[in-house]
Amino acid sequence: QVQLVESGGGLVQAGGSLRLSCAASGRTFSDYRMGWFRQAPGKAREFVTHISWSGGSTYYADSVKSRFTISRDNAKNMMYLQMNSLKPEDTAVYYCAALGYCSDYGYGCYANAARYAIWGQGTQVTVSS
């Protein structure tokens with residue numbers, strides 16, 4: 001199976017930008033649909049965005065739509081999350097994850113953390129006001 005490692009987190013002021021990376025190794029990265037989730041202290045893990053195998057289809061949580069952009073480079077075994085106009089409420093540990101099985105492919109599956117089979121260790125993003 002694929003192994004995932006996130007990087008690029010850090011401390012940024014509100015309104016700033018960060019680019020997270022997710023490096024994949026092991027099994028063929030392009031076999032997996034991928035997602036980003038985040039978890040703030042004391043809160044449940046939250047869906048952020050999802051991308052299809054080729055990158056042709058993307059899905060976003062309403063809270064990040066128009067501010068965040070997911071992308072992937074299958075030739076480099078990499079996935080990215082460009083985060084612009086960051087807000088203090090974006091502060092969380094961000095995880096990349098590889099989707100497992102969906103009985104019905106669609107937003108309901110892609111936004112469900114329980115459907116993801118493989119997770120990275122996470123990278124901290126802190127947005128100061």
# chains A, B, ... in the order shown; residues from 1 in each chain; ligands from 1

call {"tool": "select_by_dssp", "arguments": {"residues": "stretch 46-117 of chain A", "states": "strand (DSSP E or B)", "output": "PyMOL selection string"}}
result
chain A and resi 46-51+58-60+68-73+78-83+92-99+116-117

call {"tool": "residues_around", "arguments": {"residues": "stretch 64-67 of chain A", "least_positions_apart": "6", "cutoff": "8 Å", "atoms": "only C-alpha atoms", "output": "JSON, numbers by chain"}}
result
{"A": [48, 83, 84, 85, 86]}

call {"tool": "write_last_selection", "arguments": {"atoms": "all heavy atoms", "output": "tab-separated table (two decimals), in the first residue's frame"}}
result
chain	number	residue	atom	x	y	z
A	48	VAL	N	-11.81	18.52	4.21
A	48	VAL	CA	-11.39	19.77	3.59
A	48	VAL	C	-11.61	19.71	2.07
A	48	VAL	O	-12.30	20.54	1.50
A	48	VAL	CB	-9.91	20.08	3.89
A	48	VAL	CG1	-9.47	21.35	3.16
A	48	VAL	CG2	-9.69	20.23	5.39
A	83	MET	N	-3.37	27.00	0.19
A	83	MET	CA	-4.32	27.63	1.09
A	83	MET	C	-4.07	29.15	1.08
A	83	MET	O	-2.99	29.60	1.46
A	83	MET	CB	-4.15	27.09	2.51
A	83	MET	CG	-4.29	25.58	2.60
A	83	MET	SD	-4.25	24.95	4.29
A	83	MET	CE	-2.60	25.41	4.78
A	84	ASN	N	-5.06	29.88	0.62
A	84	ASN	CA	-4.99	31.35	0.56
A	84	ASN	C	-6.01	31.96	1.50
A	84	ASN	O	-6.95	31.30	1.94
A	84	ASN	CB	-5.23	31.82	-0.87
A	84	ASN	CG	-4.20	31.29	-1.85
A	84	ASN	OD1	-3.04	31.07	-1.50
A	84	ASN	ND2	-4.62	31.08	-3.09
A	85	SER	N	-5.83	33.24	1.77
A	85	SER	CA	-6.76	33.98	2.63
A	85	SER	C	-7.06	33.22	3.92
A	85	SER	O	-8.22	33.06	4.32
A	85	SER	CB	-8.07	34.25	1.87
A	85	SER	OG	-7.81	34.98	0.69
A	86	LEU	N	-6.01	32.77	4.55
A	86	LEU	CA	-6.17	31.94	5.75
A	86	LEU	C	-6.81	32.71	6.89
A	86	LEU	O	-6.58	33.93	7.05
A	86	LEU	CB	-4.82	31.36	6.17
A	86	LEU	CG	-4.37	30.17	5.32
A	86	LEU	CD1	-2.87	29.94	5.45
A	86	LEU	CD2	-5.14	28.92	5.70

call {"tool": "closest_residue", "arguments": {"among": "A:Thr91, A:Ser7, A:Asn112, A:Ser54", "to": "A:Arg19", "atoms": "only C-alpha atoms"}}
result
A:Ser7

call {"tool": "residues_around", "arguments": {"residues": "A:Val93", "least_positions_apart": "3", "cutoff": "6 Å", "atoms": "only C-alpha atoms", "output": "PyMOL selection string"}}
result
chain A and resi 38-39+122-125

call {"tool": "residues_around", "arguments": {"residues": "A:Ala98", "least_positions_apart": "3", "cutoff": "7 Å", "atoms": "only C-alpha atoms", "output": "PDB file with C-alpha atoms, in the first residue's frame"}}
result
ATOM      1  CA  TYR A  32      -5.826   6.266  -5.207  1.00  0.00           C
ATOM      2  CA  ARG A  33      -8.354   9.025  -4.945  1.00  0.00           C
ATOM      3  CA  MET A  34      -6.995  11.384  -2.298  1.00  0.00           C
ATOM      4  CA  GLY A  35      -8.221  13.836   0.285  1.00  0.00           C
ATOM      5  CA  TYR A 116     -10.112   6.633   3.930  1.00  0.00           C
ATOM      6  CA  ALA A 117      -7.794   3.681   4.369  1.00  0.00           C
ATOM      7  CA  ILE A 118      -4.374   5.301   4.641  1.00  0.00           C
ATOM      8  CA  TRP A 119      -3.367   8.437   6.536  1.00  0.00           C
TER       9      TRP A 119
END

call {"tool": "atom_distance", "arguments": {"atom1": "atom CA of A:Gly120", "atom2": "atom CA of A:Thr49"}}
result
15.2 Å

call {"tool": "closest_residue", "arguments": {"among": "A:Leu4, A:Val12, A:Ile70, A:Leu99", "to": "A:Asp31", "atoms": "only C-alpha atoms"}}
result
A:Leu99

call {"tool": "closest_residue", "arguments": {"among": "A:Asp90, A:Ala113, A:Asp104, A:Ser71", "to": "A:Ser128", "atoms": "only C-alpha atoms"}}
result
A:Asp90

call {"tool": "closest_residue", "arguments": {"among": "A:Gly100, A:Gly106, A:Gly10, A:Gly15", "to": "A:Pro88", "atoms": "only C-alpha atoms"}}
result
A:Gly15

call {"tool": "residues_around", "arguments": {"residues": "A:Val2", "least_positions_apart": "5", "cutoff": "8 Å", "atoms": "only C-alpha atoms", "output": "PyMOL selection string"}}
result
chain A and resi 24-29+118

call {"tool": "write_last_selection", "arguments": {"atoms": "C-alpha atoms", "output": "tab-separated table (two decimals), in the first residue's frame"}}
result
chain	number	residue	atom	x	y	z
A	24	ALA	CA	3.46	9.26	-1.45
A	25	SER	CA	5.66	6.19	-1.62
A	26	GLY	CA	5.08	2.49	-2.08
A	27	ARG	CA	2.21	1.37	-4.25
A	28	THR	CA	1.19	3.37	-7.34
A	29	PHE	CA	-0.05	6.75	-6.17
A	118	ILE	CA	-4.37	5.30	4.64

call {"tool": "atom_distance", "arguments": {"atom1": "atom CA of A:Arg72", "atom2": "atom CA of A:Glu89"}}
result
25.1 Å

call {"tool": "closest_residue", "arguments": {"among": "A:Ser21, A:Gln3, A:Gln13, A:Thr58", "to": "A:Asp73", "atoms": "only C-alpha atoms"}}
result
A:Ser21

call {"tool": "atom_distance", "arguments": {"atom1": "atom CA of A:Gln1", "atom2": "atom CA of A:Leu81"}}
result
22.2 Å
